[in-house]
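The data block below is final.csv; it holds CSV, C-alpha atoms.
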```csv
chain,number,residue,atom,x,y,z
A,1,MET,CA,9.7,-21.0,9.0
A,2,LEU,CA,13.1,-19.4,9.1
A,3,ALA,CA,14.1,-17.2,12.0
A,4,ARG,CA,13.9,-13.7,10.8
A,5,SER,CA,17.6,-13.0,10.9
A,6,MET,CA,18.3,-16.2,8.9
A,7,HIS,CA,15.8,-15.6,6.2
A,8,PRO,CA,17.6,-14.8,2.9
A,9,LEU,CA,15.4,-11.8,2.4
A,10,ALA,CA,15.8,-10.5,5.9
A,11,GLY,CA,17.8,-7.5,4.8
A,12,GLN,CA,15.3,-6.5,2.1
A,13,ARG,CA,13.3,-3.6,3.5
A,14,MET,CA,11.4,-2.7,0.5
A,15,HIS,CA,8.0,-2.7,-1.0
A,16,GLU,CA,9.3,-4.8,-3.9
A,17,LEU,CA,9.3,-7.8,-1.5
A,18,SER,CA,5.6,-7.3,-0.9
A,19,ILE,CA,5.0,-6.8,-4.6
A,20,THR,CA,6.8,-10.0,-5.5
A,21,GLN,CA,4.9,-11.9,-2.8
A,22,GLY,CA,1.7,-10.5,-4.4
A,23,ILE,CA,2.7,-11.8,-7.8
A,24,VAL,CA,3.6,-15.3,-6.4
A,25,GLU,CA,0.4,-15.5,-4.3
A,26,SER,CA,-1.9,-14.3,-7.1
A,27,VAL,CA,-0.4,-16.7,-9.7
A,28,SER,CA,-0.5,-19.6,-7.2
A,29,GLU,CA,-4.2,-19.0,-6.6
A,30,ALA,CA,-5.0,-18.6,-10.3
A,31,ILE,CA,-3.1,-21.8,-11.3
A,32,PRO,CA,-3.8,-24.3,-8.5
A,33,VAL,CA,-2.6,-27.3,-10.5
A,34,GLY,CA,0.3,-27.8,-12.9
A,35,LYS,CA,3.6,-26.1,-13.1
A,36,VAL,CA,4.2,-22.5,-13.9
A,37,LEU,CA,7.0,-22.1,-16.4
A,38,ALA,CA,6.9,-18.4,-16.8
A,39,VAL,CA,5.2,-15.3,-15.5
A,40,THR,CA,4.9,-12.1,-17.5
A,41,VAL,CA,4.3,-8.9,-15.5
A,42,GLU,CA,4.0,-5.3,-16.5
A,43,ILE,CA,5.9,-2.8,-14.4
A,44,GLY,CA,5.3,0.8,-15.3
A,45,LYS,CA,8.4,3.1,-15.3
A,46,LEU,CA,6.4,5.5,-13.0
A,47,SER,CA,5.0,2.9,-10.7
A,48,GLY,CA,7.6,3.4,-8.0
A,49,VAL,CA,8.6,-0.3,-8.2
A,50,VAL,CA,12.1,-1.2,-9.2
A,51,ALA,CA,12.0,-4.1,-11.7
A,52,ASP,CA,15.5,-5.3,-10.7
A,53,SER,CA,14.5,-5.6,-7.1
A,54,VAL,CA,11.4,-7.7,-8.1
A,55,ARG,CA,13.7,-9.9,-10.1
A,56,PHE,CA,16.0,-10.2,-7.1
A,57,CYS,CA,13.2,-11.3,-4.8
A,58,PHE,CA,11.3,-13.5,-7.3
A,59,ASP,CA,13.3,-16.8,-7.0
A,60,LEU,CA,13.2,-16.8,-3.2
A,61,CYS,CA,9.6,-15.9,-3.1
A,62,ALA,CA,8.7,-18.6,-5.6
A,63,GLN,CA,10.4,-21.4,-3.5
A,64,GLY,CA,7.9,-24.1,-2.5
A,65,THR,CA,5.2,-22.7,-4.7
A,66,PRO,CA,4.0,-23.8,-8.2
A,67,LEU,CA,6.2,-20.9,-9.5
A,68,GLU,CA,9.5,-22.4,-8.2
A,69,GLY,CA,12.0,-22.3,-11.0
A,70,ALA,CA,9.7,-20.2,-13.2
A,71,ARG,CA,11.0,-17.5,-15.5
A,72,LEU,CA,10.0,-14.0,-14.7
A,73,GLU,CA,9.5,-11.7,-17.7
A,74,ILE,CA,9.1,-8.1,-16.9
A,75,VAL,CA,7.6,-5.8,-19.5
A,76,ASP,CA,8.6,-2.2,-18.9
A,77,VAL,CA,5.8,0.2,-19.6
A,78,ALA,CA,7.0,3.7,-20.6
A,79,GLY,CA,5.5,6.7,-18.9
A,80,ARG,CA,3.1,8.9,-20.8
A,81,GLY,CA,1.5,12.1,-19.7
A,82,ARG,CA,-0.9,14.7,-20.9
A,83,CYS,CA,-0.8,18.4,-20.2
A,84,GLY,CA,-4.0,19.9,-19.0
A,85,CYS,CA,-3.0,23.4,-20.4
A,86,CYS,CA,-1.9,22.7,-24.0
A,87,GLU,CA,-3.4,19.2,-24.3
A,88,HIS,CA,0.0,18.0,-25.5
A,89,GLU,CA,0.7,14.3,-24.9
A,90,MET,CA,4.3,13.1,-24.4
A,91,GLU,CA,6.5,10.3,-23.2
A,92,ILE,CA,7.9,11.0,-19.7
A,93,ALA,CA,10.6,9.4,-17.7
A,94,GLU,CA,9.7,10.7,-14.3
A,95,LEU,CA,6.5,11.3,-12.4
A,96,THR,CA,7.4,14.9,-11.9
A,97,ALA,CA,8.2,15.6,-15.5
A,98,PRO,CA,6.9,19.1,-16.6
A,99,CYS,CA,5.3,20.0,-19.9
A,100,PRO,CA,7.5,22.0,-22.3
A,101,CYS,CA,4.8,24.7,-22.2
A,102,GLY,CA,5.7,25.4,-18.5
A,103,ASN,CA,2.9,23.5,-16.8
A,104,PRO,CA,4.7,21.5,-14.0
A,105,PHE,CA,2.0,19.0,-13.5
A,106,LEU,CA,1.0,16.4,-16.1
A,107,GLU,CA,-1.9,14.0,-15.9
A,108,ILE,CA,-0.4,10.5,-16.0
A,109,LEU,CA,-1.8,8.3,-18.7
A,110,ARG,CA,0.5,5.4,-18.6
A,111,GLY,CA,3.5,4.1,-16.7
A,112,GLN,CA,2.0,3.3,-13.3
A,113,GLU,CA,1.0,-0.3,-14.2
A,114,LEU,CA,1.7,-3.1,-11.8
A,115,ARG,CA,-0.1,-6.0,-13.5
A,116,ILE,CA,0.3,-9.7,-14.0
A,117,ARG,CA,-0.2,-10.1,-17.7
A,118,SER,CA,-0.1,-13.9,-18.3
A,119,VAL,CA,1.5,-17.1,-17.2
A,120,GLU,CA,2.9,-20.0,-19.1
A,121,VAL,CA,1.9,-23.4,-17.6
A,122,THR,CA,2.2,-27.1,-18.4
B,1,MET,CA,9.0,-14.0,9.1
B,2,CYS,CA,5.4,-13.5,7.8
B,3,ALA,CA,5.5,-14.2,4.1
B,4,THR,CA,3.1,-11.4,3.3
B,5,CYS,CA,4.5,-8.4,5.0
B,6,GLY,CA,7.9,-9.4,6.3
B,7,CYS,CA,6.8,-8.9,9.9
B,8,SER,CA,8.4,-10.9,12.6
B,9,GLY,CA,5.0,-12.4,13.6
B,10,LYS,CA,5.6,-12.0,17.3
B,11,VAL,CA,2.6,-12.8,19.3
B,12,GLY,CA,2.0,-11.1,22.7
B,13,PRO,CA,-0.9,-11.0,25.1
B,14,GLU,CA,-1.0,-7.3,25.3
B,15,LEU,CA,-3.0,-4.9,23.2
B,16,ALA,CA,0.2,-3.3,22.0
B,17,THR,CA,1.3,-6.3,19.9
B,18,LEU,CA,-0.5,-8.0,17.1
B,19,PRO,CA,-0.4,-11.6,16.0
B,20,LEU,CA,0.4,-10.7,12.5
B,21,ASP,CA,1.1,-14.2,11.2
B,22,ASP,CA,-2.4,-15.1,11.9
B,23,HIS,CA,-4.1,-13.2,9.1
B,24,GLU,CA,-6.8,-14.3,6.9
B,25,HIS,CA,-5.9,-14.1,3.2
B,26,PRO,CA,-9.1,-13.2,1.3
B,27,HIS,CA,-8.4,-12.8,-2.4
B,28,ASP,CA,-9.6,-12.8,-5.9
B,29,HIS,CA,-9.7,-16.1,-7.7
B,30,HIS,CA,-9.4,-17.0,-11.3
B,31,HIS,CA,-10.8,-20.3,-12.2
B,32,ARG,CA,-10.2,-22.8,-15.0
B,33,HIS,CA,-13.5,-24.1,-16.2
B,34,HIS,CA,-14.5,-27.5,-17.4
B,35,HIS,CA,-17.1,-27.4,-20.1
B,36,PRO,CA,-19.1,-30.6,-19.9
B,37,HIS,CA,-21.3,-31.2,-23.0
B,38,GLU,CA,-23.2,-34.0,-24.3
B,39,HIS,CA,-22.9,-36.1,-27.5
B,40,GLY,CA,-25.8,-38.1,-28.8
B,41,HIS,CA,-25.0,-41.0,-31.1
B,42,SER,CA,-26.5,-44.2,-32.3
B,43,HIS,CA,-24.8,-47.5,-32.7
B,44,GLY,CA,-27.3,-49.0,-35.2
B,45,ASP,CA,-27.5,-52.2,-33.2
B,46,GLY,CA,-30.9,-51.6,-31.7
B,47,HIS,CA,-30.0,-49.4,-28.8
B,48,ASP,CA,-29.3,-45.7,-28.2
B,49,HIS,CA,-27.5,-44.2,-25.4
B,50,ARG,CA,-26.0,-40.8,-24.4
B,51,HIS,CA,-22.9,-40.3,-22.4
B,52,GLU,CA,-21.1,-37.2,-21.0
B,53,HIS,CA,-17.5,-36.3,-20.9
B,54,SER,CA,-15.7,-33.1,-20.1
B,55,HIS,CA,-12.8,-31.4,-21.8
B,56,ASP,CA,-10.2,-29.5,-19.8
B,57,VAL,CA,-9.8,-26.7,-22.2
B,58,GLY,CA,-6.3,-26.3,-23.4
B,59,ALA,CA,-5.0,-29.2,-21.4
B,60,MET,CA,-5.7,-32.2,-23.7
B,61,ASP,CA,-2.0,-32.9,-23.9
B,62,SER,CA,-0.5,-32.8,-20.4
B,63,THR,CA,3.0,-32.1,-21.7
B,64,ALA,CA,2.1,-29.1,-23.8
B,65,THR,CA,2.6,-25.7,-22.4
B,66,ARG,CA,-0.1,-23.0,-22.7
B,67,THR,CA,-0.4,-19.4,-21.9
B,68,VAL,CA,-3.1,-18.3,-19.5
B,69,LYS,CA,-4.0,-14.6,-19.5
B,70,LEU,CA,-4.5,-13.2,-16.0
B,71,GLU,CA,-4.5,-9.4,-16.5
B,72,GLN,CA,-4.6,-9.0,-12.8
B,73,GLU,CA,-3.4,-6.0,-10.7
B,74,ILE,CA,-0.6,-7.0,-8.4
B,75,LEU,CA,-2.0,-4.8,-5.7
B,76,ALA,CA,-5.6,-5.9,-6.3
B,77,LYS,CA,-5.7,-7.9,-3.0
B,78,ASN,CA,-4.5,-4.9,-1.0
B,79,ARG,CA,-6.9,-2.6,-2.7
B,80,LEU,CA,-9.8,-5.0,-2.0
B,81,LEU,CA,-8.9,-5.2,1.7
B,82,ALA,CA,-8.4,-1.4,1.8
B,83,GLU,CA,-11.9,-0.9,0.5
B,84,ARG,CA,-13.2,-3.3,3.2
B,85,ASN,CA,-11.4,-1.3,5.8
B,86,ARG,CA,-12.9,1.9,4.3
B,87,GLY,CA,-16.4,0.5,4.5
B,88,TRP,CA,-15.8,-0.7,8.1
B,89,LEU,CA,-14.6,2.8,9.1
B,90,GLU,CA,-17.4,4.6,7.3
B,91,GLY,CA,-20.0,2.4,8.9
B,92,ARG,CA,-18.7,3.4,12.3
B,93,GLU,CA,-18.2,7.0,11.3
B,94,VAL,CA,-14.6,6.7,12.2
B,95,PHE,CA,-12.3,9.2,10.4
B,96,ALA,CA,-8.9,7.5,9.8
B,97,VAL,CA,-5.9,9.5,9.0
B,98,ASN,CA,-2.8,7.8,7.6
B,99,LEU,CA,0.3,9.7,8.8
B,100,MET,CA,3.4,9.2,6.8
B,101,SER,CA,6.9,10.7,7.0
B,102,SER,CA,10.5,9.9,7.1
B,103,PRO,CA,11.9,8.8,10.5
B,104,GLY,CA,12.3,11.8,12.8
B,105,ALA,CA,10.0,14.3,11.1
B,106,GLY,CA,7.9,14.5,14.3
B,107,LYS,CA,4.9,12.2,13.6
B,108,THR,CA,4.7,11.0,17.2
B,109,ALA,CA,5.3,14.5,18.7
B,110,LEU,CA,2.5,15.9,16.5
B,111,LEU,CA,0.3,13.1,17.5
B,112,GLU,CA,0.9,13.4,21.2
B,113,ARG,CA,0.0,17.1,21.2
B,114,THR,CA,-3.0,16.5,18.8
B,115,VAL,CA,-4.4,13.8,21.0
B,116,ARG,CA,-4.0,15.8,24.2
B,117,GLU,CA,-5.7,18.9,22.6
B,118,LEU,CA,-8.6,17.0,20.9
B,119,GLU,CA,-9.5,14.3,23.2
B,120,LYS,CA,-11.8,16.5,25.2
B,121,ASP,CA,-13.9,16.9,22.1
B,122,VAL,CA,-13.7,13.5,20.4
B,123,ALA,CA,-12.5,10.0,21.2
B,124,VAL,CA,-9.1,9.5,19.6
B,125,SER,CA,-7.4,6.1,18.9
B,126,VAL,CA,-4.0,5.5,17.5
B,127,ILE,CA,-2.4,2.6,15.6
B,128,GLU,CA,1.3,2.8,15.6
B,129,GLY,CA,3.4,1.1,12.9
B,130,ASP,CA,7.1,0.5,13.6
B,131,GLN,CA,9.5,-2.2,12.7
B,132,GLU,CA,10.4,-2.8,16.3
B,133,THR,CA,9.6,-1.7,19.9
B,134,ARG,CA,6.6,-0.2,21.6
B,135,LEU,CA,8.2,3.1,22.4
B,136,ASP,CA,5.8,5.2,20.3
B,137,ALA,CA,2.8,3.3,21.6
B,138,ASP,CA,4.0,4.0,25.1
B,139,ARG,CA,4.3,7.7,24.3
B,140,ILE,CA,0.8,7.8,22.9
B,141,ARG,CA,-0.6,5.7,25.7
B,142,ALA,CA,0.6,8.3,28.2
B,143,THR,CA,-1.8,10.8,26.5
B,144,GLY,CA,-4.7,8.6,27.5
B,145,ALA,CA,-5.7,7.6,23.9
B,146,ARG,CA,-6.5,4.0,23.0
B,147,VAL,CA,-3.4,2.7,21.2
B,148,LEU,CA,-2.3,-0.4,19.4
B,149,GLN,CA,1.2,-1.1,18.2
B,150,ILE,CA,2.0,-3.0,15.0
B,151,ASN,CA,5.5,-4.2,14.7
B,152,THR,CA,6.3,-5.0,11.1
B,153,GLY,CA,9.7,-6.6,11.8
B,154,THR,CA,11.6,-6.2,8.5
B,155,GLY,CA,8.5,-4.9,6.8
B,156,CYS,CA,8.8,-1.3,5.7
B,157,HIS,CA,5.1,-0.2,5.5
B,158,LEU,CA,1.7,-1.0,6.8
B,159,ASP,CA,-0.7,-2.7,4.4
B,160,ALA,CA,-4.5,-3.0,4.4
B,161,GLN,CA,-4.4,-6.5,5.8
B,162,MET,CA,-2.4,-5.4,8.9
B,163,LEU,CA,-4.8,-2.4,9.4
B,164,GLY,CA,-7.8,-4.7,9.1
B,165,VAL,CA,-6.5,-7.0,11.9
B,166,ALA,CA,-5.6,-3.9,14.0
B,167,LEU,CA,-9.0,-2.3,13.5
B,168,HIS,CA,-10.8,-5.4,14.8
B,169,GLN,CA,-8.5,-5.6,17.7
B,170,LEU,CA,-8.6,-1.9,18.6
B,171,ALA,CA,-12.3,-1.5,17.9
B,172,PRO,CA,-12.2,2.3,17.7
B,173,PRO,CA,-15.5,3.7,19.1
B,174,ILE,CA,-18.3,5.0,16.8
B,175,GLY,CA,-17.7,8.6,15.7
B,176,SER,CA,-14.1,8.7,16.7
B,177,LEU,CA,-10.9,9.9,15.2
B,178,LEU,CA,-8.2,7.3,14.3
B,179,PHE,CA,-4.6,8.1,13.5
B,180,VAL,CA,-2.5,5.5,11.8
B,181,GLU,CA,1.1,6.3,12.2
B,182,ASN,CA,2.8,4.5,9.3
B,183,VAL,CA,6.3,3.1,9.4
B,184,GLY,CA,8.8,6.0,9.0
B,185,ASN,CA,9.6,5.8,5.3
B,186,LEU,CA,8.8,8.0,2.4
B,187,VAL,CA,8.9,5.3,-0.2
B,188,CYS,CA,7.0,2.1,0.5
B,189,PRO,CA,3.8,3.3,2.3
B,190,ALA,CA,2.9,5.4,-0.8
B,191,LEU,CA,1.9,2.3,-2.7
B,192,PHE,CA,-0.3,0.7,-0.1
B,193,ASP,CA,-3.8,2.0,0.4
B,194,LEU,CA,-5.0,1.2,3.9
B,195,GLY,CA,-8.6,2.3,3.5
B,196,GLU,CA,-7.9,5.5,5.4
B,197,GLY,CA,-10.1,8.6,5.0
B,198,ALA,CA,-7.1,10.9,4.4
B,199,ARG,CA,-3.4,10.7,3.8
B,200,VAL,CA,-1.2,13.2,5.5
B,201,VAL,CA,2.6,13.5,4.9
B,202,ILE,CA,4.6,15.2,7.6
B,203,ALA,CA,7.8,16.8,6.5
B,204,SER,CA,10.1,18.8,8.7
B,205,THR,CA,12.3,21.9,8.3
B,206,THR,CA,15.4,19.8,9.3
B,207,GLU,CA,15.0,17.7,6.2
B,208,GLY,CA,15.8,19.0,2.7
B,209,GLU,CA,13.3,21.3,1.1
B,210,ASP,CA,13.7,19.1,-2.0
B,211,LYS,CA,12.0,16.1,-0.3
B,212,PRO,CA,8.8,16.4,-2.5
B,213,LEU,CA,10.9,16.1,-5.6
B,214,LYS,CA,12.9,13.2,-4.3
B,215,TYR,CA,9.8,11.3,-3.1
B,216,PRO,CA,7.2,12.3,-5.6
B,217,HIS,CA,5.0,9.2,-5.1
B,218,MET,CA,4.6,9.9,-1.5
B,219,PHE,CA,3.8,13.6,-1.9
B,220,ARG,CA,1.6,13.0,-4.8
B,221,ALA,CA,-0.6,10.6,-2.9
B,222,ALA,CA,-1.1,13.0,0.0
B,223,ASP,CA,-4.2,15.0,0.8
B,224,LEU,CA,-2.3,17.3,3.1
B,225,ILE,CA,1.3,18.1,3.8
B,226,VAL,CA,2.2,19.2,7.3
B,227,LEU,CA,5.6,21.0,7.5
B,228,ASN,CA,6.7,20.5,11.1
B,229,LYS,CA,9.5,22.1,13.2
B,230,VAL,CA,8.9,25.7,11.9
B,231,ASP,CA,10.1,26.9,15.3
B,232,LEU,CA,13.6,26.0,14.0
B,233,LEU,CA,13.4,28.0,10.8
B,234,ALA,CA,15.5,30.9,12.3
B,235,HIS,CA,18.5,28.5,12.6
B,236,LEU,CA,18.2,26.7,9.3
B,237,GLU,CA,18.6,27.5,5.7
B,238,PHE,CA,15.2,26.1,4.7
B,239,SER,CA,13.0,28.0,2.4
B,240,VAL,CA,9.3,27.4,3.0
B,241,GLU,CA,8.5,29.0,-0.3
B,242,ARG,CA,10.8,26.6,-2.2
B,243,PHE,CA,9.4,23.6,-0.3
B,244,THR,CA,5.9,24.7,-1.1
B,245,THR,CA,6.8,25.2,-4.8
B,246,HIS,CA,8.2,21.7,-4.9
B,247,VAL,CA,5.0,20.3,-3.3
B,248,ARG,CA,2.9,22.1,-5.9
B,249,SER,CA,5.0,20.6,-8.7
B,250,VAL,CA,4.1,17.1,-7.7
B,251,ASN,CA,0.7,17.7,-6.1
B,252,PRO,CA,-1.0,21.0,-7.0
B,253,SER,CA,-4.1,20.3,-4.9
B,254,ALA,CA,-2.5,19.4,-1.6
B,255,LYS,CA,-2.6,22.0,1.2
B,256,VAL,CA,0.6,22.8,3.1
B,257,PHE,CA,0.3,23.7,6.8
B,258,GLN,CA,3.3,25.1,8.7
B,259,VAL,CA,3.3,23.8,12.3
B,260,SER,CA,5.5,23.3,15.3
B,261,ALA,CA,4.3,20.4,17.3
B,262,ILE,CA,6.5,21.5,20.2
B,263,ARG,CA,5.7,25.2,20.3
B,264,GLY,CA,2.2,25.0,18.9
B,265,ASP,CA,2.5,27.2,15.8
B,266,GLY,CA,-0.1,26.5,13.1
B,267,LEU,CA,-1.9,23.8,15.0
B,268,PRO,CA,-5.4,25.4,15.0
B,269,ALA,CA,-5.4,25.1,11.1
B,270,TRP,CA,-4.5,21.4,11.5
B,271,TYR,CA,-7.3,20.8,14.0
B,272,GLN,CA,-9.7,22.7,11.8
B,273,TRP,CA,-8.7,20.6,8.8
B,274,LEU,CA,-9.4,17.4,10.9
B,275,SER,CA,-12.7,18.8,12.1
B,276,ALA,CA,-13.9,19.5,8.6
B,277,ARG,CA,-13.4,15.9,7.7
B,278,ASP,CA,-14.6,14.3,10.8
B,279,PRO,CA,-17.8,12.5,9.6
B,280,GLY,CA,-19.4,12.5,13.1
B,281,ARG,CA,-18.8,16.3,13.3
B,282,ARG,CA,-17.9,15.8,17.0
B,283,LEU,CA,-15.0,18.1,16.8
B,284,THR,CA,-16.2,21.6,17.7
B,285,ARG,CA,-13.1,23.6,16.9
```

Show how you would write the structure in this file as structure tokens.
Amino acid sequence: MLARSMHPLAGQRMHELSITQGIVESVSEAIPVGKVLAVTVEIGKLSGVVADSVRFCFDLCAQGTPLEGARLEIVDVAGRGRCGCCEHEMEIAELTAPCPCGNPFLEILRGQELRIRSVEVT
Amino acid sequence: MCATCGCSGKVGPELATLPLDDHEHPHDHHHRHHHPHEHGHSHGDGHDHRHEHSHDVGAMDSTATRTVKLEQEILAKNRLLAERNRGWLEGREVFAVNLMSSPGAGKTALLERTVRELEKDVAVSVIEGDQETRLDADRIRATGARVLQINTGTGCHLDAQMLGVALHQLAPPIGSLLFVENVGNLVCPALFDLGEGARVVIASTTEGEDKPLKYPHMFRAADLIVLNKVDLLAHLEFSVERFTTHVRSVNPSAKVFQVSAIRGDGLPAWYQWLSARDPGRRLTR
């Protein structure tokens, strides 16, 4: 194990590191034999997880696991909300997006996904 | 560094440190299945026999690639461990409050005063999460409460696994109140359920009143917002009304309490809120 200061991810103080570790661990457990060529994950635009940061962490997290060298495919899931007042449904870019009718608080229907969709294996 | 949480994995003999690289890793499994089946056939040479073989579905050709659907939540493991913690706490009638804020909002000051004023009515324990040092644990220990420090090293949040280890080590008494002071950070802890009974975000008047808009995930996940340092309002251009409006826009159901942990303003409402949620009803306030 690397000393903390020498670890390539030592400076990464972010939840995306834990999220990426979660991806690598879950896939390693699901695919105990064989080689993983690609992993497809869904990251919702409203999930609070930055896809680029997950990409940044992935190669290093995958080292020494069946995922080493695997391709990471990230499917962005657009945000969608529903207004409790006017029942209108709409695409939203932010968690705090208000409804055009004036209601500041939308029920979030989609966009908070953090999900491993599939893996490509040999 | 612990691969799971980024903690330094320092091990110490004192209660104040946790052997965080020694966790169990329970998890969901997805299995590939073999499907053995039998074929009967006859050879026409006067004998019959049956034999078995198995097909490894989809892997007949070892060089071919195949796609395996997982459809698995990335945070499933944390969620599972959080539910375990929740059950553990409920079984012991321990009310656990996850306290989250940016660094310097006054979590520890509020805790020090809260522990001092409540400990005559109820047993109080504290789990302190910080990247480094035992300074906060030492402050809490001075109040007389049971305290355990988790140092996450480079990790920016507590997760359910760390809390599970801490719970077993701290063993809060039945019917007690447990405060979990998360790592000072308004981003990462929002995503990680610990199994707590309530989530409280502490904001302070020395921060911008737009914090709820800048960190909507955190404020949205909160059951209660405590606005600390109201004793300084006279010296600041901070509008409590605007702050409250911003909270409402991300979380319409959360209560907002205005307090000063130093001067004592608004603390009875905070104690009453805790008391109403205390499953053992040992708080009499």

Checklist entry - If you measure from CA of Val68 in chain B to CA of Gly44 in chain A, what distance in Å do you get, rounded to one decimal? => result 21.3 Å

Item to check | chain B residues near chain A (6 Å cut-off, only C-alpha atoms) as an MDAnalysis selection string | outcome: chainID B and resid 1 29:30 64:74 154:156 188 249:250

Item to check | Counting all atoms listed in the file, the residue of B:Ala198, B:Leu186, B:Leu177, B:Val226 that sits nearest Ser260 in chain B | outcome: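 The answer is B:Val226, which sits nearest to Ser260 in chain B.
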
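CA of Glu91 in chain A sits 21.6 Å away from CA of His246 in chain B.
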
Item to check | Distance of CA of Met100 in chain B from CA of Arg141 in chain B, expressed in Å to one decimal place | outcome: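 Distance between the two atoms: 19.6 Å.
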
Item to check | All residues 8 Å or closer to Arg79 in chain B, all atoms listed in the file, same chain fewer than 6 positions away omitted, as a VMD selection string | outcome: chain B and resid 160 192 to 194

Next on the checklist: So that I can see what lies close to Arg116 in chain B, please list as a PyMOL selection string the residues with an atom at most 9 Å from it, counting all atoms listed in the file and leaving out residues fewer than 6 positions away in the same chain.
Outcome noted: chain B and resi 143-145

Item to check | Residue neighbourhood Leu158 in chain B, 12 Å, only C-alpha atoms, exclusion window fewer than 2 positions, as JSON, numbers by chain | outcome: {"A": [14, 15, 18], "B": [4, 5, 6, 7, 20, 78, 82, 98, 99, 100, 127, 128, 129, 130, 131, 149, 150, 151, 152, 153, 154, 155, 156, 160, 161, 162, 163, 164, 165, 166, 180, 181, 182, 183, 184, 185, 187, 188, 189, 190, 191, 192, 193, 194, 195, 196]}

Could range 69-81 of chain A be completed with N, CA and C atoms and returned as a PDB file, in the frame of the given file?
```pdb
ATOM      1  N   GLY A  69      11.228 -22.080  -9.820  1.00  0.00           N
ATOM      2  CA  GLY A  69      12.000 -22.300 -11.000  1.00  0.00           C
ATOM      3  C   GLY A  69      11.429 -21.596 -12.264  1.00  0.00           C
ATOM      4  N   ALA A  70      10.325 -20.894 -12.097  1.00  0.00           N
ATOM      5  CA  ALA A  70       9.700 -20.200 -13.200  1.00  0.00           C
ATOM      6  C   ALA A  70      10.529 -19.021 -13.685  1.00  0.00           C
ATOM      7  N   ARG A  71      10.375 -18.680 -14.954  1.00  0.00           N
ATOM      8  CA  ARG A  71      11.000 -17.500 -15.500  1.00  0.00           C
ATOM      9  C   ARG A  71      10.160 -16.294 -15.261  1.00  0.00           C
ATOM     10  N   LEU A  72      10.786 -15.198 -14.895  1.00  0.00           N
ATOM     11  CA  LEU A  72      10.000 -14.000 -14.700  1.00  0.00           C
ATOM     12  C   LEU A  72      10.325 -13.024 -15.846  1.00  0.00           C
ATOM     13  N   GLU A  73       9.298 -12.693 -16.601  1.00  0.00           N
ATOM     14  CA  GLU A  73       9.500 -11.700 -17.700  1.00  0.00           C
ATOM     15  C   GLU A  73       8.829 -10.425 -17.323  1.00  0.00           C
ATOM     16  N   ILE A  74       9.636  -9.375 -17.322  1.00  0.00           N
ATOM     17  CA  ILE A  74       9.100  -8.100 -16.900  1.00  0.00           C
ATOM     18  C   ILE A  74       9.007  -7.167 -18.163  1.00  0.00           C
ATOM     19  N   VAL A  75       7.815  -6.711 -18.416  1.00  0.00           N
ATOM     20  CA  VAL A  75       7.600  -5.800 -19.500  1.00  0.00           C
ATOM     21  C   VAL A  75       7.584  -4.367 -18.942  1.00  0.00           C
ATOM     22  N   ASP A  76       8.554  -3.567 -19.351  1.00  0.00           N
ATOM     23  CA  ASP A  76       8.600  -2.200 -18.900  1.00  0.00           C
ATOM     24  C   ASP A  76       7.522  -1.386 -19.654  1.00  0.00           C
ATOM     25  N   VAL A  77       6.738  -0.618 -18.929  1.00  0.00           N
ATOM     26  CA  VAL A  77       5.800   0.200 -19.600  1.00  0.00           C
ATOM     27  C   VAL A  77       6.230   1.682 -19.464  1.00  0.00           C
ATOM     28  N   ALA A  78       6.486   2.309 -20.596  1.00  0.00           N
ATOM     29  CA  ALA A  78       7.000   3.700 -20.600  1.00  0.00           C
ATOM     30  C   ALA A  78       5.950   4.636 -20.021  1.00  0.00           C
ATOM     31  N   GLY A  79       6.438   5.704 -19.423  1.00  0.00           N
ATOM     32  CA  GLY A  79       5.500   6.700 -18.900  1.00  0.00           C
ATOM     33  C   GLY A  79       4.969   7.609 -19.966  1.00  0.00           C
ATOM     34  N   ARG A  80       3.716   7.978 -19.838  1.00  0.00           N
ATOM     35  CA  ARG A  80       3.100   8.900 -20.800  1.00  0.00           C
ATOM     36  C   ARG A  80       2.195   9.846 -20.024  1.00  0.00           C
ATOM     37  N   GLY A  81       2.313  11.115 -20.362  1.00  0.00           N
ATOM     38  CA  GLY A  81       1.500  12.100 -19.700  1.00  0.00           C
ATOM     39  C   GLY A  81       0.822  13.058 -20.611  1.00  0.00           C
TER      40      GLY A  81
END
```
